[in-house]
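Colleague: Provided herewith: target_23.tsv, TSV, C-alpha atoms.
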chain	number	residue	atom	x	y	z
A	101	MET	CA	-0.32	8.63	24.19
A	102	ALA	CA	1.72	6.12	22.15
A	103	VAL	CA	5.24	7.09	21.16
A	104	VAL	CA	5.62	6.97	17.38
A	105	LEU	CA	8.89	5.10	17.03
A	106	GLU	CA	9.08	1.88	18.99
A	107	LYS	CA	11.25	-0.24	16.73
A	108	LEU	CA	11.56	-4.01	16.60
A	109	LYS	CA	15.09	-5.25	17.29
A	110	ASP	CA	15.71	-6.09	13.62
A	111	GLU	CA	14.99	-3.97	10.57
A	112	THR	CA	11.47	-4.43	9.23
A	113	TYR	CA	10.55	-3.25	5.75
A	114	PRO	CA	7.74	-3.64	3.18
A	115	ILE	CA	6.90	-7.18	2.12
A	116	VAL	CA	6.00	-6.21	-1.45
A	117	LYS	CA	6.97	-3.56	-3.97
A	118	TRP	CA	4.09	-1.20	-4.74
A	119	VAL	CA	3.40	1.51	-7.32
A	120	GLY	CA	3.64	4.86	-5.57
A	121	GLY	CA	5.56	3.35	-2.65
A	122	LYS	CA	6.75	5.95	-0.16
A	123	ARG	CA	10.25	4.78	0.81
A	124	GLN	CA	11.78	7.57	-1.30
A	125	LEU	CA	9.65	10.18	0.55
A	126	MET	CA	10.23	8.75	4.01
A	127	PHE	CA	12.30	11.66	5.29
A	128	GLU	CA	9.58	14.18	4.38
A	129	LEU	CA	6.81	11.97	5.76
A	130	ILE	CA	8.56	11.50	9.10
A	131	LYS	CA	9.37	15.20	9.29
A	132	ASN	CA	5.69	16.07	8.81
A	133	MET	CA	4.30	13.36	11.12
A	134	LEU	CA	2.77	13.88	14.53
A	135	LYS	CA	5.27	12.85	17.19
A	136	LYS	CA	2.61	11.24	19.41
A	137	TYR	CA	-0.83	9.79	18.84
A	138	ASN	CA	-3.10	7.10	20.24
A	139	ARG	CA	-3.80	4.80	17.30
A	140	TYR	CA	-2.35	4.69	13.78
A	141	PHE	CA	-4.68	4.28	10.77
A	142	GLU	CA	-3.65	3.69	7.17
A	143	PRO	CA	-6.65	2.89	4.93
A	144	PHE	CA	-4.73	2.69	1.62
A	145	ILE	CA	-2.02	0.40	2.97
A	146	GLY	CA	-0.48	-0.68	-0.35
A	147	GLY	CA	3.14	-1.63	0.34
A	148	GLY	CA	2.93	0.07	3.73
A	149	ALA	CA	6.31	1.86	3.65
A	150	LEU	CA	5.40	4.37	6.36
A	151	PHE	CA	3.63	1.72	8.48
A	152	PHE	CA	6.69	-0.55	8.47
A	153	GLU	CA	8.98	2.40	9.17
A	154	LEU	CA	6.96	3.63	12.16
A	155	GLN	CA	6.12	0.16	13.51
A	156	PRO	CA	3.12	1.44	15.50
A	157	ASN	CA	2.12	-0.67	18.50
A	158	ASN	CA	-1.62	-0.15	17.95
A	159	ALA	CA	-2.75	0.14	14.34
A	160	TYR	CA	-5.52	-0.36	11.81
A	161	ILE	CA	-4.69	-0.94	8.14
A	162	SER	CA	-7.04	-1.58	5.24
A	163	ASP	CA	-7.32	-1.64	1.47
A	164	THR	CA	-9.91	-2.66	-1.11
A	165	ASN	CA	-7.43	-5.06	-2.73
A	166	GLU	CA	-8.54	-8.45	-1.41
A	167	GLU	CA	-5.34	-10.24	-2.44
A	168	LEU	CA	-3.17	-7.68	-0.66
A	169	ILE	CA	-5.20	-7.80	2.54
A	170	ASN	CA	-5.14	-11.60	2.49
A	171	LEU	CA	-1.34	-11.40	2.29
A	172	TYR	CA	-1.07	-9.22	5.39
A	173	GLN	CA	-3.49	-11.42	7.31
A	174	VAL	CA	-1.56	-14.57	6.38
A	175	VAL	CA	1.78	-12.98	7.35
A	176	ARG	CA	0.25	-12.08	10.71
A	177	ASP	CA	-1.49	-15.39	11.42
A	178	ASN	CA	0.34	-18.11	9.44
A	179	VAL	CA	3.82	-16.85	8.63
A	180	ASN	CA	5.64	-20.17	9.05
A	181	GLU	CA	3.26	-21.95	6.67
A	182	LEU	CA	3.67	-19.08	4.21
A	183	ILE	CA	7.48	-19.34	4.30
A	184	LYS	CA	7.24	-23.08	3.70
A	185	ASP	CA	5.01	-22.57	0.65
A	186	LEU	CA	7.21	-19.81	-0.78
A	187	LYS	CA	10.14	-22.26	-0.95
A	188	LYS	CA	8.24	-24.31	-3.56
A	189	HIS	CA	8.34	-21.67	-6.31
A	190	LYS	CA	10.51	-21.82	-9.43
A	191	ILE	CA	12.13	-18.97	-11.38
A	192	THR	CA	11.20	-19.74	-14.99
A	193	LYS	CA	8.94	-17.92	-17.41
A	194	GLU	CA	6.87	-21.07	-17.98
A	195	TYR	CA	6.26	-21.54	-14.25
A	196	PHE	CA	5.54	-17.81	-13.84
A	197	MET	CA	2.85	-17.92	-16.54
A	198	GLU	CA	1.31	-21.00	-14.98
A	199	ILE	CA	1.09	-19.31	-11.56
A	200	ARG	CA	0.01	-15.96	-13.01
A	201	ASN	CA	-2.83	-17.44	-15.05
A	202	ILE	CA	-4.18	-19.70	-12.33
A	203	ASP	CA	-6.68	-16.99	-11.36
A	204	ARG	CA	-8.41	-17.58	-14.70
A	205	THR	CA	-9.40	-21.09	-13.58
A	206	GLN	CA	-11.88	-22.58	-11.15
A	207	GLU	CA	-8.96	-24.25	-9.39
A	208	TYR	CA	-7.85	-20.93	-7.90
A	209	GLN	CA	-11.11	-20.63	-5.96
A	210	ASN	CA	-10.09	-23.76	-4.05
A	211	TRP	CA	-6.63	-22.48	-3.12
A	212	SER	CA	-6.00	-21.76	0.55
A	213	ASP	CA	-5.32	-18.24	1.82
A	214	ILE	CA	-1.70	-19.30	2.40
A	215	GLN	CA	-1.30	-20.45	-1.22
A	216	LYS	CA	-2.82	-17.19	-2.49
A	217	ALA	CA	-0.50	-15.10	-0.30
A	218	SER	CA	2.49	-17.13	-1.50
A	219	ARG	CA	1.44	-16.53	-5.12
A	220	PHE	CA	1.08	-12.82	-4.41
A	221	ILE	CA	4.66	-12.50	-3.14
A	222	TYR	CA	6.04	-14.71	-5.91
A	223	LEU	CA	4.38	-12.67	-8.66
A	224	ASN	CA	5.41	-9.39	-7.01
A	225	ARG	CA	9.07	-10.46	-6.96
A	226	THR	CA	9.18	-11.95	-10.46
A	227	CYS	CA	6.83	-9.83	-12.59
A	228	PHE	CA	7.90	-6.77	-14.58
A	229	ASN	CA	8.76	-3.83	-12.27
A	230	GLY	CA	7.01	-5.50	-9.33
A	231	LEU	CA	3.69	-4.10	-10.54
A	232	TYR	CA	0.36	-5.27	-9.22
A	233	ARG	CA	-2.16	-4.74	-12.02
A	234	VAL	CA	-5.38	-6.52	-12.86
A	235	ASN	CA	-7.76	-6.38	-15.80
A	236	SER	CA	-11.50	-5.63	-15.69
A	237	LYS	CA	-12.15	-9.21	-14.57
A	238	GLY	CA	-9.76	-8.85	-11.66
A	239	GLU	CA	-7.14	-11.12	-13.27
A	240	PHE	CA	-3.43	-10.42	-12.76
A	241	ASN	CA	-1.92	-9.42	-16.13
A	242	VAL	CA	1.67	-8.18	-15.62
A	243	PRO	CA	4.33	-9.93	-17.77
A	244	PHE	CA	7.38	-11.87	-16.54
A	245	GLY	CA	10.21	-9.67	-15.29
A	246	ASN	CA	13.11	-11.92	-16.33
A	247	TYR	CA	15.17	-11.20	-13.18
A	248	LYS	CA	18.23	-13.37	-12.57
A	249	ASN	CA	17.96	-13.89	-8.82
A	250	PRO	CA	14.77	-12.45	-7.27
A	251	ARG	CA	14.44	-12.94	-3.52
A	252	ILE	CA	11.27	-14.96	-3.11
A	253	VAL	CA	11.82	-16.11	0.48
A	254	ASP	CA	12.76	-13.15	2.70
A	255	GLU	CA	12.36	-15.21	5.85
A	256	ASN	CA	13.76	-12.89	8.50
A	257	ASN	CA	11.73	-9.91	7.34
A	258	LEU	CA	8.53	-11.96	7.10
A	259	LEU	CA	8.99	-13.10	10.71
A	260	ASN	CA	9.58	-9.50	11.84
A	261	CYS	CA	6.55	-8.27	9.88
A	262	SER	CA	4.44	-11.01	11.44
A	263	GLU	CA	5.34	-9.76	14.93
A	264	LEU	CA	4.45	-6.18	14.01
A	265	LEU	CA	1.16	-7.18	12.37
A	266	LYS	CA	0.05	-9.06	15.49
A	267	ASN	CA	-0.73	-5.62	17.00
A	268	THR	CA	-2.69	-4.58	13.91
A	269	ASP	CA	-6.32	-4.85	12.83
A	270	ILE	CA	-6.36	-5.71	9.11
A	271	GLU	CA	-9.51	-5.34	6.99
A	272	CYS	CA	-10.52	-5.40	3.35
A	273	ALA	CA	-12.54	-2.21	3.43
A	274	ASP	CA	-13.26	1.12	1.77
A	275	PHE	CA	-11.29	4.02	3.25
A	276	SER	CA	-14.46	5.71	4.51
A	277	GLN	CA	-15.03	2.89	7.00
A	278	ILE	CA	-12.40	4.33	9.31
A	279	LEU	CA	-14.93	7.02	10.28
A	280	SER	CA	-16.67	4.57	12.61
A	281	LYS	CA	-13.37	3.59	14.23
A	282	VAL	CA	-11.22	6.70	14.71
A	283	LYS	CA	-11.31	8.82	17.83
A	284	LYS	CA	-9.85	12.15	18.81
A	285	GLY	CA	-6.13	11.69	19.43
A	286	ASP	CA	-5.73	9.09	16.65
A	287	PHE	CA	-3.69	9.68	13.49
A	288	VAL	CA	-4.58	8.80	9.89
A	289	TYR	CA	-2.22	8.60	6.92
A	290	PHE	CA	-3.81	8.53	3.45
A	291	ASP	CA	-1.82	7.43	0.41
A	292	PRO	CA	-4.58	7.03	-2.23
A	293	PRO	CA	-4.16	6.39	-5.94
A	294	TYR	CA	-2.96	9.77	-7.16
A	295	VAL	CA	-4.84	12.20	-9.37
A	296	PRO	CA	-3.11	11.71	-12.76
A	297	LEU	CA	-0.82	14.48	-13.97
A	298	ASN	CA	-1.86	13.77	-17.55
A	299	ALA	CA	-3.60	11.16	-19.68
A	300	THR	CA	-0.64	8.75	-19.68
A	301	SER	CA	0.35	8.81	-16.02
A	302	SER	CA	-2.81	7.39	-14.46
A	303	PHE	CA	-2.21	4.15	-12.58
A	304	THR	CA	-5.27	3.10	-10.61
A	305	SER	CA	-5.82	-0.49	-11.79
A	306	TYR	CA	-4.58	-2.21	-8.64
A	307	THR	CA	-8.23	-3.14	-8.14
A	308	LYS	CA	-10.64	-3.84	-10.98
A	309	ASP	CA	-12.78	-0.85	-9.97
A	310	GLY	CA	-10.08	1.82	-10.22
A	311	PHE	CA	-10.20	5.18	-8.40
A	312	ASP	CA	-11.94	8.06	-10.17
A	313	LEU	CA	-12.76	11.73	-9.56
A	314	ASP	CA	-15.81	10.91	-7.45
A	315	MET	CA	-13.59	8.83	-5.16
A	316	GLN	CA	-11.12	11.72	-4.81
A	317	ILE	CA	-13.98	13.99	-3.76
A	318	LYS	CA	-15.28	11.34	-1.35
A	319	LEU	CA	-11.80	11.14	0.17
A	320	ARG	CA	-11.72	14.92	0.71
A	321	ASP	CA	-15.12	14.66	2.40
A	322	VAL	CA	-13.76	11.95	4.72
A	323	CYS	CA	-10.86	14.26	5.59
A	324	ASP	CA	-13.35	17.01	6.43
A	325	GLU	CA	-15.21	14.63	8.76
A	326	LEU	CA	-11.97	13.62	10.45
A	327	ASP	CA	-11.11	17.27	10.95
A	328	ASN	CA	-14.51	17.88	12.55
A	329	LYS	CA	-13.87	14.95	14.89
A	330	GLY	CA	-10.53	16.41	15.99
A	331	VAL	CA	-8.58	13.59	14.30
A	332	LYS	CA	-5.24	14.56	12.74
A	333	PHE	CA	-4.45	13.34	9.22
A	334	LEU	CA	-1.64	13.46	6.67
A	335	LEU	CA	-2.38	12.84	2.99
A	336	SER	CA	-0.13	12.37	-0.04
A	337	ASN	CA	-1.23	13.16	-3.59
A	338	SER	CA	-0.04	14.63	-6.87
A	339	ASP	CA	0.57	18.37	-7.19
A	340	THR	CA	-2.34	19.15	-9.49
A	341	LYS	CA	-4.88	21.97	-9.70
A	342	LEU	CA	-7.62	19.57	-8.60
A	343	VAL	CA	-5.80	18.40	-5.47
A	344	ASN	CA	-4.86	21.92	-4.48
A	345	GLU	CA	-8.48	23.04	-4.87
A	346	LEU	CA	-9.91	20.06	-2.98
A	347	TYR	CA	-7.65	20.68	0.01
A	348	GLU	CA	-7.38	24.47	-0.08
A	349	ASN	CA	-8.60	24.70	3.53
A	350	TYR	CA	-5.67	22.64	4.82
A	351	ASN	CA	-1.92	22.94	5.15
A	352	ILE	CA	-0.38	21.96	1.79
A	353	LYS	CA	3.35	21.35	1.44
A	354	ARG	CA	5.13	20.53	-1.84
A	355	VAL	CA	7.85	17.89	-1.82
A	356	PHE	CA	10.01	16.38	-4.55
A	357	ALA	CA	9.51	12.75	-5.52
A	358	THR	CA	10.65	10.41	-8.28
A	359	ARG	CA	8.01	8.88	-10.51
A	360	ALA	CA	8.90	5.77	-12.52
A	361	ILE	CA	5.48	4.57	-13.74
A	362	ASN	CA	4.57	6.57	-16.82
A	363	ALA	CA	3.96	5.46	-20.42
A	364	ASN	CA	5.82	8.57	-21.57
A	365	PRO	CA	9.52	8.53	-20.54
A	366	ASP	CA	9.47	12.35	-20.41
A	367	GLY	CA	6.94	12.08	-17.59
A	368	ARG	CA	9.34	10.21	-15.32
A	369	GLY	CA	11.89	11.70	-12.95
A	370	LYS	CA	11.74	14.39	-10.26
A	371	ILE	CA	8.37	16.08	-9.85
A	372	THR	CA	6.48	17.77	-7.04
A	373	GLU	CA	3.89	16.01	-4.92
A	374	VAL	CA	1.88	17.44	-2.05
A	375	LEU	CA	1.52	16.54	1.60
A	376	VAL	CA	-1.79	17.75	3.03
A	377	ARG	CA	-2.35	17.95	6.79
A	378	ASN	CA	-4.79	19.49	9.25
A	379	TYR	CA	-2.23	20.44	11.91
Show me this structure written as structure tokens.
Modeller:
Amino acid sequence: MAVVLEKLKDETYPIVKWVGGKRQLMFELIKNMLKKYNRYFEPFIGGGALFFELQPNNAYISDTNEELINLYQVVRDNVNELIKDLKKHKITKEYFMEIRNIDRTQEYQNWSDIQKASRFIYLNRTCFNGLYRVNSKGEFNVPFGNYKNPRIVDENNLLNCSELLKNTDIECADFSQILSKVKKGDFVYFDPPYVPLNATSSFTSYTKDGFDLDMQIKLRDVCDELDNKGVKFLLSNSDTKLVNELYENYNIKRVFATRAINANPDGRGKITEVLVRNY
């Protein structure tokens, strides 16, 4: 069995900021984790806060966001070339708009994976609130963040992340595809797009297809299959009637979290979320 915490010598942390990132809930997540498991799976990797905290030595991560998965693959396989490309970027609104809107052109299709990963980090560090949001055509549409000194080239962390990712299978895939890969003794952490608390708090546009009620039900069904296989899982979601009903057969724990992404300022601040587990 693999020990959970086998840290790299230097601190390693998420490469990108991500809506719903779990750094603020890390204490609760670690407290509710299994202490030992064979292989670590995280099929909604997003910013990967828990993954980078645990630094598992045998892992599988995935997401349906092609740009995000390309970034992780480039960091793993071509980190030095990525760092070199990141040093080319400028911090001006005009340059930001040029880089942001390049995905509206045919030229972007000819960009290398390294160039696309470099653009991803640049936009993440310079756009408003570090959001990743696309329109129905899959085009990035977050405005300029107007930050004075964003850190575009975080060289030491990128090198550390590259070492960690070398022990990791990385796929652009639907979360249900882990069912053909997991085995008894493995551990799965799910951090899906949350069920919205109300009409203004929904934020699922990190892919052009979104994440609807049918997908939430499909995710619960995947959890049921994992449970039948003897695979342990931990899942985060919002503390709503729907989530509590979907997972009523499992262990549900309420934890406090801070939400910042909400069109209504009254909907931000400390709220309860749930951790669901089958152990």
Colleague: Would you pick out the contacts of Ile221 (chain A) at 12 Å or less, using only C-alpha atoms, so that residues sharing its chain but fewer than 3 positions from it are not included, and give the list as a CSV table (one decimal) with C-alpha atoms, keeping the file's coordinate frame?
Modeller:
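Produced file out_24.csv, reproduced below:
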chain,number,residue,atom,x,y,z
A,114,PRO,CA,7.7,-3.6,3.2
A,115,ILE,CA,6.9,-7.2,2.1
A,116,VAL,CA,6.0,-6.2,-1.4
A,117,LYS,CA,7.0,-3.6,-4.0
A,118,TRP,CA,4.1,-1.2,-4.7
A,147,GLY,CA,3.1,-1.6,0.3
A,167,GLU,CA,-5.3,-10.2,-2.4
A,168,LEU,CA,-3.2,-7.7,-0.7
A,170,ASN,CA,-5.1,-11.6,2.5
A,171,LEU,CA,-1.3,-11.4,2.3
A,172,TYR,CA,-1.1,-9.2,5.4
A,174,VAL,CA,-1.6,-14.6,6.4
A,175,VAL,CA,1.8,-13.0,7.4
A,182,LEU,CA,3.7,-19.1,4.2
A,183,ILE,CA,7.5,-19.3,4.3
A,185,ASP,CA,5.0,-22.6,0.6
A,186,LEU,CA,7.2,-19.8,-0.8
A,187,LYS,CA,10.1,-22.3,-1.0
A,189,HIS,CA,8.3,-21.7,-6.3
A,196,PHE,CA,5.5,-17.8,-13.8
A,199,ILE,CA,1.1,-19.3,-11.6
A,200,ARG,CA,0.0,-16.0,-13.0
A,214,ILE,CA,-1.7,-19.3,2.4
A,215,GLN,CA,-1.3,-20.4,-1.2
A,216,LYS,CA,-2.8,-17.2,-2.5
A,217,ALA,CA,-0.5,-15.1,-0.3
A,218,SER,CA,2.5,-17.1,-1.5
A,224,ASN,CA,5.4,-9.4,-7.0
A,225,ARG,CA,9.1,-10.5,-7.0
A,226,THR,CA,9.2,-12.0,-10.5
A,227,CYS,CA,6.8,-9.8,-12.6
A,230,GLY,CA,7.0,-5.5,-9.3
A,231,LEU,CA,3.7,-4.1,-10.5
A,232,TYR,CA,0.4,-5.3,-9.2
A,250,PRO,CA,14.8,-12.4,-7.3
A,251,ARG,CA,14.4,-12.9,-3.5
A,252,ILE,CA,11.3,-15.0,-3.1
A,253,VAL,CA,11.8,-16.1,0.5
A,254,ASP,CA,12.8,-13.2,2.7
A,258,LEU,CA,8.5,-12.0,7.1
Colleague: For region 371-377 of chain A, please output as a PyMOL selection string all residues within 12 Å (counting all atoms listed in the file; exclusion window: fewer than 4 positions along the same chain).
Modeller: chain A and resi 120+122+125-126+128-134+287-292+294-297+320+323-324+326-327+331-360+366-367
Colleague: Of the candidates A:Asp203, A:Asp321, A:Glu194, A:Glu263, which shows the shortest atom-to-atom distance to Gln173 (chain A), using only C-alpha atoms?
Modeller: A:Glu263
Colleague: When you draw a straight line from CA of Met197 (chain A) to CA of Phe244 (chain A), how long is it in Å?
Modeller: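 Value for the CA of Met197 (chain A)-CA of Phe244 (chain A) distance: 7.6 Å.
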Colleague: For CA of Glu239 (chain A) and CA of Thr205 (chain A), quote the distance in Å rounded to one decimal.
Modeller: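 Separation of CA of Glu239 (chain A) and CA of Thr205 (chain A): 10.2 Å.
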Colleague: Enter the distance from CA of Cys261 (chain A) to CA of Glu166 (chain A), in Å, rounded to one decimal.
Modeller: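 Rounded to one decimal, the two atoms are 18.8 Å apart.
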Colleague: If I wrap all listed atoms of region 323-342 of chain A in a box with edges along x, y and z and add 4 Å on each side, what are its centre and edge lengths in Å to one decimal, as lines of an AutoDock Vina configuration file?
Modeller:
center_x = -7.3
center_y = 17.2
center_z = 3.1
size_x = 23.8
size_y = 17.6
size_z = 33.7
